[in-house]
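Accompanying notes for the structure given below.
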Amino acid sequence: MREAEVRRESGRDCGAMDIITTQGLTKAYGATRVVDGLDLRVPQGSVFGFLGPNGSGKSTTMKMLLSLVRPTNGSIEVLGTPMGRGNGDGDRGTRRRVLGRIGSLIEAPSVYPHLTGNENMRIQQMILGLTEAQVRRALEIVRLDTAGQKLVKQYSLGMKQRLGIAMAIAHQPELLILDEPTNGLDPAGIEEIRELLLELAGEGVTIMVSSHQLAEIERMIDTLAVIDHGRLMFQGTKAELFQQATPDLLITTDAGVVRRRDVPADATPYVVTELVRAGARIHEVRREQQTLEDIFIELTGRGGAL
Amino acid sequence: MSGRSTSLPGFGKAVRLEYAKMRRLRTSLVLGAVLLATILFGTMQLFDADHRARINEPNTMHWEFLLLTGYSSTKALFMPLLAAVLASRQVDIEHHGNGWLRTSMFGVTPGRLCTVKLLALMPLVVLSTVVEMSVLVLASRAAGATTPLPWVQWLWYGAVVVIVTLGVVGLHLWLAARVESQLVGLGVGVLGGFLGFFSMLMPPWFAHLTPWGYLAAGLPYQLSPTGDAPLIAIPLPWGSMALFCCVMLGVLALARVRLDRVEI
């Protein structure tokens, strides 16, 4: 097991605290509840996958965590601090202090296309009071250190995404909240981001990431939550999710391979017996674990482009 | 380990950030072009040899007419479009660069950001007004004008131009922030030009109806009701400008509050 994964596993085994907790978190626009009574728990030190179909409330939830959107109801605690709805200076000051320990990339990279990569980072440096070393490190990590002189409008989508990530990690945050960080990246780029996020997680950074690419996200997360129509469908570790899902039953016969879902273990002999009685010649019977995408479709009833 | 500043950027730092964002927006080019057009239109009468020959005669009232018919009417035509273009350039980068979300993360709400943008444009507006009026004076002197410049009226009207321009820019910043299509703001700017110019020709009450009309309402001269002189100096219209300032401050404050409530 890789060193980074070992460190994360150890953290969880020691009962690491939750870095984000929400209770009854709700956001309504008129009569429509975009987020409905969400009780979220993001363990410290984890790579937390936040999954859901389009319009399920993922981005809205992330914006509420970052105080960009006011919740209609419920509570949020981030890094041990309540992110209140009050408008007092104390509340605003508290929120700013907490937000100073978070890096984020929401919806799209926040970069000015008419400026170069370096100029965008310079603005970030001015806002956050970063050192030159922090800026250089961030650009090196995302491999944009040689493209800094180019205008951002000349960047590919992947380069813009990487610049957005550089801006999110430049101040070495404790928590990263990333909405579709691999959007628009080619397989090599996705692999790079995955390795980067795992490396950051190994250094103790908690990462909350949402993505449409379930195959890719499955390889980097250890805990996850699935949300649909604003409601929590599942929350827990990957292992717990797969335990809940019944592996598919695959039966190889002369006519081909038959796949059956949701066949309990104690029903397997019955199925095989009935097939034999019907004259099928059975060559192999085995169980195959469903993929994350299969389980996701079962949970939400939706699949394809999320 | 985190090197992040957690305090809200002060206005000074925020304005410096705006100047950093202004690179390649060609703000200076736009200002320069309008400045040149204003000067050329404003000094048109100086190209008339007959006018230059009579420039120092009492009934020519060169400085008064230069302010009333030269500079003010040119500003009334060009200022609204300039304000719309400046505001649009400043705000469009935030729409395209997801800047509203980025700055909200640091506690700088959209309303506060627009206020900062207005503060950043203020020195440019003041500078362009000073340059325009200085060039008009210098051009007149070069054309042979030797009569004393009515400093009070000219300084007063320079202040009127700065205040009205900033008020209109403030409105356009709000409009550009609320409506992503910048064509709307530009259209309002063109309309403002017509309204501002026509306000010069309409009765004084009409000039008080729109923000662009205050370039007319703030004039320290009016046409003489008798035949003694073509123009007369009037008491400086403090009341009109006080009304403009009060209404504009209230409107911009409300606009800021409304912008701050917009969820990104």
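Going by the structure tokens order, chains are called A, B, ..., each with residues numbered from 1, while ligands are numbered from 1 in the order shown.
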| message | Run DSSP on the backbone and tell me which residues of stretch 85-141 of chain A come out as alpha helix (DSSP H); list them as a ChimeraX atom specification. | response | /A:89-99,117-128,132-141
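Every protein, DNA or RNA residue with an atom at most 9 Å from stretch 238-254 of chain B, where only C-alpha atoms count and chain neighbours fewer than 5 positions away do not, is listed here: Gly111, Thr115, Val160, Ile163, Val164, Gly167, Val168, Gly170, Leu171, Trp174, His208, Pro211, Tyr214, Ala217, Gly218 and Leu259 of chain B.
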Output N, CA, C and O atoms of each residue in that selection to a file, as an mmCIF file, in the first residue's frame.
data_model
loop_
_atom_site.group_PDB
_atom_site.id
_atom_site.type_symbol
_atom_site.label_atom_id
_atom_site.label_comp_id
_atom_site.auth_asym_id
_atom_site.auth_seq_id
_atom_site.Cartn_x
_atom_site.Cartn_y
_atom_site.Cartn_z
ATOM 1 N N GLY B 111 -20.982 43.937 -4.319
ATOM 2 C CA GLY B 111 -21.225 45.368 -4.120
ATOM 3 C C GLY B 111 -19.966 46.103 -3.706
ATOM 4 O O GLY B 111 -19.655 47.193 -4.201
ATOM 5 N N THR B 115 -17.727 49.035 -5.683
ATOM 6 C CA THR B 115 -17.316 50.281 -5.031
ATOM 7 C C THR B 115 -15.816 50.494 -5.212
ATOM 8 O O THR B 115 -15.355 51.605 -5.516
ATOM 9 N N VAL B 160 -18.220 69.764 -11.233
ATOM 10 C CA VAL B 160 -19.504 69.196 -11.673
ATOM 11 C C VAL B 160 -19.259 68.012 -12.615
ATOM 12 O O VAL B 160 -19.883 66.964 -12.483
ATOM 13 N N ILE B 163 -17.999 64.966 -10.612
ATOM 14 C CA ILE B 163 -19.042 64.360 -9.764
ATOM 15 C C ILE B 163 -20.085 63.639 -10.611
ATOM 16 O O ILE B 163 -20.469 62.496 -10.315
ATOM 17 N N VAL B 164 -20.564 64.283 -11.655
ATOM 18 C CA VAL B 164 -21.599 63.661 -12.488
ATOM 19 C C VAL B 164 -21.036 62.428 -13.198
ATOM 20 O O VAL B 164 -21.696 61.388 -13.268
ATOM 21 N N GLY B 167 -20.814 59.604 -10.752
ATOM 22 C CA GLY B 167 -22.144 59.080 -10.452
ATOM 23 C C GLY B 167 -22.654 58.172 -11.570
ATOM 24 O O GLY B 167 -23.175 57.079 -11.307
ATOM 25 N N VAL B 168 -22.472 58.624 -12.795
ATOM 26 C CA VAL B 168 -22.933 57.827 -13.944
ATOM 27 C C VAL B 168 -22.107 56.541 -14.062
ATOM 28 O O VAL B 168 -22.652 55.463 -14.343
ATOM 29 N N GLY B 170 -20.774 54.938 -11.619
ATOM 30 C CA GLY B 170 -21.286 54.072 -10.550
ATOM 31 C C GLY B 170 -22.534 53.319 -10.981
ATOM 32 O O GLY B 170 -22.669 52.111 -10.753
ATOM 33 N N LEU B 171 -23.453 54.038 -11.634
ATOM 34 C CA LEU B 171 -24.674 53.385 -12.117
ATOM 35 C C LEU B 171 -24.355 52.327 -13.165
ATOM 36 O O LEU B 171 -24.933 51.237 -13.171
ATOM 37 N N TRP B 174 -22.971 49.113 -11.665
ATOM 38 C CA TRP B 174 -24.060 48.276 -11.143
ATOM 39 C C TRP B 174 -24.787 47.571 -12.282
ATOM 40 O O TRP B 174 -25.044 46.364 -12.222
ATOM 41 N N HIS B 208 -32.971 68.129 -14.601
ATOM 42 C CA HIS B 208 -32.902 67.481 -13.294
ATOM 43 C C HIS B 208 -33.539 66.095 -13.285
ATOM 44 O O HIS B 208 -33.560 65.436 -12.268
ATOM 45 N N PRO B 211 -29.689 61.543 -14.635
ATOM 46 C CA PRO B 211 -28.325 61.831 -14.152
ATOM 47 C C PRO B 211 -27.480 62.552 -15.202
ATOM 48 O O PRO B 211 -26.657 63.404 -14.854
ATOM 49 N N TYR B 214 -27.530 66.500 -15.446
ATOM 50 C CA TYR B 214 -26.908 67.393 -14.467
ATOM 51 C C TYR B 214 -25.669 68.092 -14.999
ATOM 52 O O TYR B 214 -25.168 69.025 -14.375
ATOM 53 N N ALA B 217 -27.587 71.028 -15.718
ATOM 54 C CA ALA B 217 -28.087 71.664 -14.501
ATOM 55 C C ALA B 217 -26.979 72.336 -13.702
ATOM 56 O O ALA B 217 -27.224 73.280 -12.955
ATOM 57 N N GLY B 218 -25.745 71.830 -13.860
ATOM 58 C CA GLY B 218 -24.632 72.374 -13.077
ATOM 59 C C GLY B 218 -23.907 73.523 -13.742
ATOM 60 O O GLY B 218 -22.932 74.042 -13.201
ATOM 61 N N LEU B 259 -26.644 44.321 -4.731
ATOM 62 C CA LEU B 259 -25.609 43.469 -5.329
ATOM 63 C C LEU B 259 -25.040 42.490 -4.305
ATOM 64 O O LEU B 259 -24.760 41.339 -4.625
#
Give me, as JSON lines, the closest atom pair and its distance (Å, one decimal) for every residue of chain A within a cut-off of 9 Å of chain B, counting only C-alpha atoms, rows sorted by chain and rising number.
{"residue": "A:Lys63", "atom": "CA", "partner": "B:Ile264", "partner_atom": "CA", "distance": 8.6}
{"residue": "A:Leu66", "atom": "CA", "partner": "B:Met105", "partner_atom": "CA", "distance": 7.1}
{"residue": "A:Ser67", "atom": "CA", "partner": "B:Met105", "partner_atom": "CA", "distance": 7.8}
{"residue": "A:Leu68", "atom": "CA", "partner": "B:Ile264", "partner_atom": "CA", "distance": 6.4}
{"residue": "A:Val69", "atom": "CA", "partner": "B:Glu263", "partner_atom": "CA", "distance": 5.7}
{"residue": "A:Arg70", "atom": "CA", "partner": "B:Glu263", "partner_atom": "CA", "distance": 8.0}
{"residue": "A:Arg92", "atom": "CA", "partner": "B:Gly107", "partner_atom": "CA", "distance": 7.9}
{"residue": "A:Gly93", "atom": "CA", "partner": "B:Ser7", "partner_atom": "CA", "distance": 7.6}
{"residue": "A:Arg95", "atom": "CA", "partner": "B:Gly107", "partner_atom": "CA", "distance": 8.6}
{"residue": "A:Arg96", "atom": "CA", "partner": "B:Thr6", "partner_atom": "CA", "distance": 5.8}
{"residue": "A:Arg97", "atom": "CA", "partner": "B:Thr6", "partner_atom": "CA", "distance": 5.2}
{"residue": "A:Val98", "atom": "CA", "partner": "B:Thr6", "partner_atom": "CA", "distance": 8.2}
{"residue": "A:Leu99", "atom": "CA", "partner": "B:Met105", "partner_atom": "CA", "distance": 7.1}
{"residue": "A:Gly100", "atom": "CA", "partner": "B:Thr6", "partner_atom": "CA", "distance": 5.3}
{"residue": "A:Arg101", "atom": "CA", "partner": "B:Ser2", "partner_atom": "CA", "distance": 7.0}
{"residue": "A:Ser104", "atom": "CA", "partner": "B:Met105", "partner_atom": "CA", "distance": 8.8}
{"residue": "A:Ile106", "atom": "CA", "partner": "B:Leu101", "partner_atom": "CA", "distance": 8.2}
{"residue": "A:Glu107", "atom": "CA", "partner": "B:Asn98", "partner_atom": "CA", "distance": 8.9}
{"residue": "A:Ala108", "atom": "CA", "partner": "B:Asn98", "partner_atom": "CA", "distance": 7.2}
{"residue": "A:Pro109", "atom": "CA", "partner": "B:Asn98", "partner_atom": "CA", "distance": 7.1}
{"residue": "A:Ser110", "atom": "CA", "partner": "B:Asn98", "partner_atom": "CA", "distance": 4.7}
{"residue": "A:Val111", "atom": "CA", "partner": "B:Gly97", "partner_atom": "CA", "distance": 4.9}
{"residue": "A:Tyr112", "atom": "CA", "partner": "B:Gly97", "partner_atom": "CA", "distance": 4.4}
{"residue": "A:Pro113", "atom": "CA", "partner": "B:Gly97", "partner_atom": "CA", "distance": 6.3}
{"residue": "A:His114", "atom": "CA", "partner": "B:Arg24", "partner_atom": "CA", "distance": 6.8}
{"residue": "A:Leu115", "atom": "CA", "partner": "B:Arg23", "partner_atom": "CA", "distance": 7.2}
{"residue": "A:Glu119", "atom": "CA", "partner": "B:Ala20", "partner_atom": "CA", "distance": 8.1}
{"residue": "A:Asn120", "atom": "CA", "partner": "B:Lys21", "partner_atom": "CA", "distance": 8.6}
{"residue": "A:Arg122", "atom": "CA", "partner": "B:Ala20", "partner_atom": "CA", "distance": 8.7}
{"residue": "A:Ile123", "atom": "CA", "partner": "B:Leu17", "partner_atom": "CA", "distance": 6.7}
{"residue": "A:Met126", "atom": "CA", "partner": "B:Leu17", "partner_atom": "CA", "distance": 7.4}
{"residue": "A:Ile127", "atom": "CA", "partner": "B:Pro9", "partner_atom": "CA", "distance": 7.0}
{"residue": "A:Leu128", "atom": "CA", "partner": "B:Arg4", "partner_atom": "CA", "distance": 4.8}
{"residue": "A:Gly129", "atom": "CA", "partner": "B:Ser5", "partner_atom": "CA", "distance": 5.6}
{"residue": "A:Leu130", "atom": "CA", "partner": "B:Gly3", "partner_atom": "CA", "distance": 5.8}
{"residue": "A:Thr131", "atom": "CA", "partner": "B:Gly3", "partner_atom": "CA", "distance": 7.6}
{"residue": "A:Gln134", "atom": "CA", "partner": "B:Gly3", "partner_atom": "CA", "distance": 8.3}
{"residue": "A:Ala170", "atom": "CA", "partner": "B:Gly3", "partner_atom": "CA", "distance": 8.7}
{"residue": "A:His171", "atom": "CA", "partner": "B:Gly3", "partner_atom": "CA", "distance": 5.4}
{"residue": "A:Gln172", "atom": "CA", "partner": "B:Ser2", "partner_atom": "CA", "distance": 5.2}
{"residue": "A:Pro173", "atom": "CA", "partner": "B:Ser2", "partner_atom": "CA", "distance": 6.0}
{"residue": "A:Glu174", "atom": "CA", "partner": "B:Ser2", "partner_atom": "CA", "distance": 8.0}
| field | strand (DSSP E) residues, from DSSP on the backbone, in stretch 30-261 of chain A, as a PyMOL selection string | value | chain A and resi 32-38+41-43+47-51+73-78+81-82+102-105+175-179+206-210+223-228+231-237+248-253+256-260
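The gap separating atom CA of A:Gly148 from atom CA of A:Thr206 is 27.8 Å, in Å to one decimal.
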| message | Residues near B:Leu67, anyone? I mean within 9 Å using only C-alpha atoms, not counting same-chain ones fewer than 4 positions away, as a PyMOL selection string. | response | chain B and resi 42+62-63+71-73+153-154+157+219+221
Selection from above, C-alpha atoms, as a PDB file, in the first residue's frame, can you write it?
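Once everything was written out, this is selection-v8.pdb:
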ATOM      1  CA  GLY B  42     -14.575  71.652 -27.658  1.00  0.00           C
ATOM      2  CA  HIS B  62     -15.071  83.675 -25.337  1.00  0.00           C
ATOM      3  CA  TRP B  63     -14.480  81.832 -22.049  1.00  0.00           C
ATOM      4  CA  TYR B  71     -16.967  71.894 -23.456  1.00  0.00           C
ATOM      5  CA  SER B  72     -20.263  71.150 -21.718  1.00  0.00           C
ATOM      6  CA  SER B  73     -22.198  70.047 -24.798  1.00  0.00           C
ATOM      7  CA  GLN B 153     -16.928  79.177 -12.895  1.00  0.00           C
ATOM      8  CA  TRP B 154     -14.395  76.935 -14.613  1.00  0.00           C
ATOM      9  CA  TYR B 157     -17.809  73.202 -13.672  1.00  0.00           C
ATOM     10  CA  LEU B 219     -23.708  75.053 -15.622  1.00  0.00           C
ATOM     11  CA  TYR B 221     -24.130  80.315 -17.154  1.00  0.00           C
TER      12      TYR B 221
END
| field | Selection: 9 Å around stretch 258-274 of chain A, only C-alpha atoms, excl. self and same-chain fewer than 4 positions, as an MDAnalysis selection string | value | chainID A and resid 245:253 278:280 282 285
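Between A:Ala239 and the residues A:Ser211, A:Gln289, A:Gln23, A:Gln124, the shortest atom-to-atom distance, using only C-alpha atoms, involves A:Gln289.
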| request: Please indicate the distance in Å from atom CA of A:Thr94 to atom CA of B:Ala177, rounded to one decimal place. | output: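 Taking atom CA of A:Thr94 and atom CA of B:Ala177, their separation equals 27.8 Å.
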| request: Quick one: pull the distance between atom CA of A:Val205 and atom CA of A:Gly117, Å, one decimal. | output: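 Taking atom CA of A:Val205 and atom CA of A:Gly117, their separation equals 24.7 Å.
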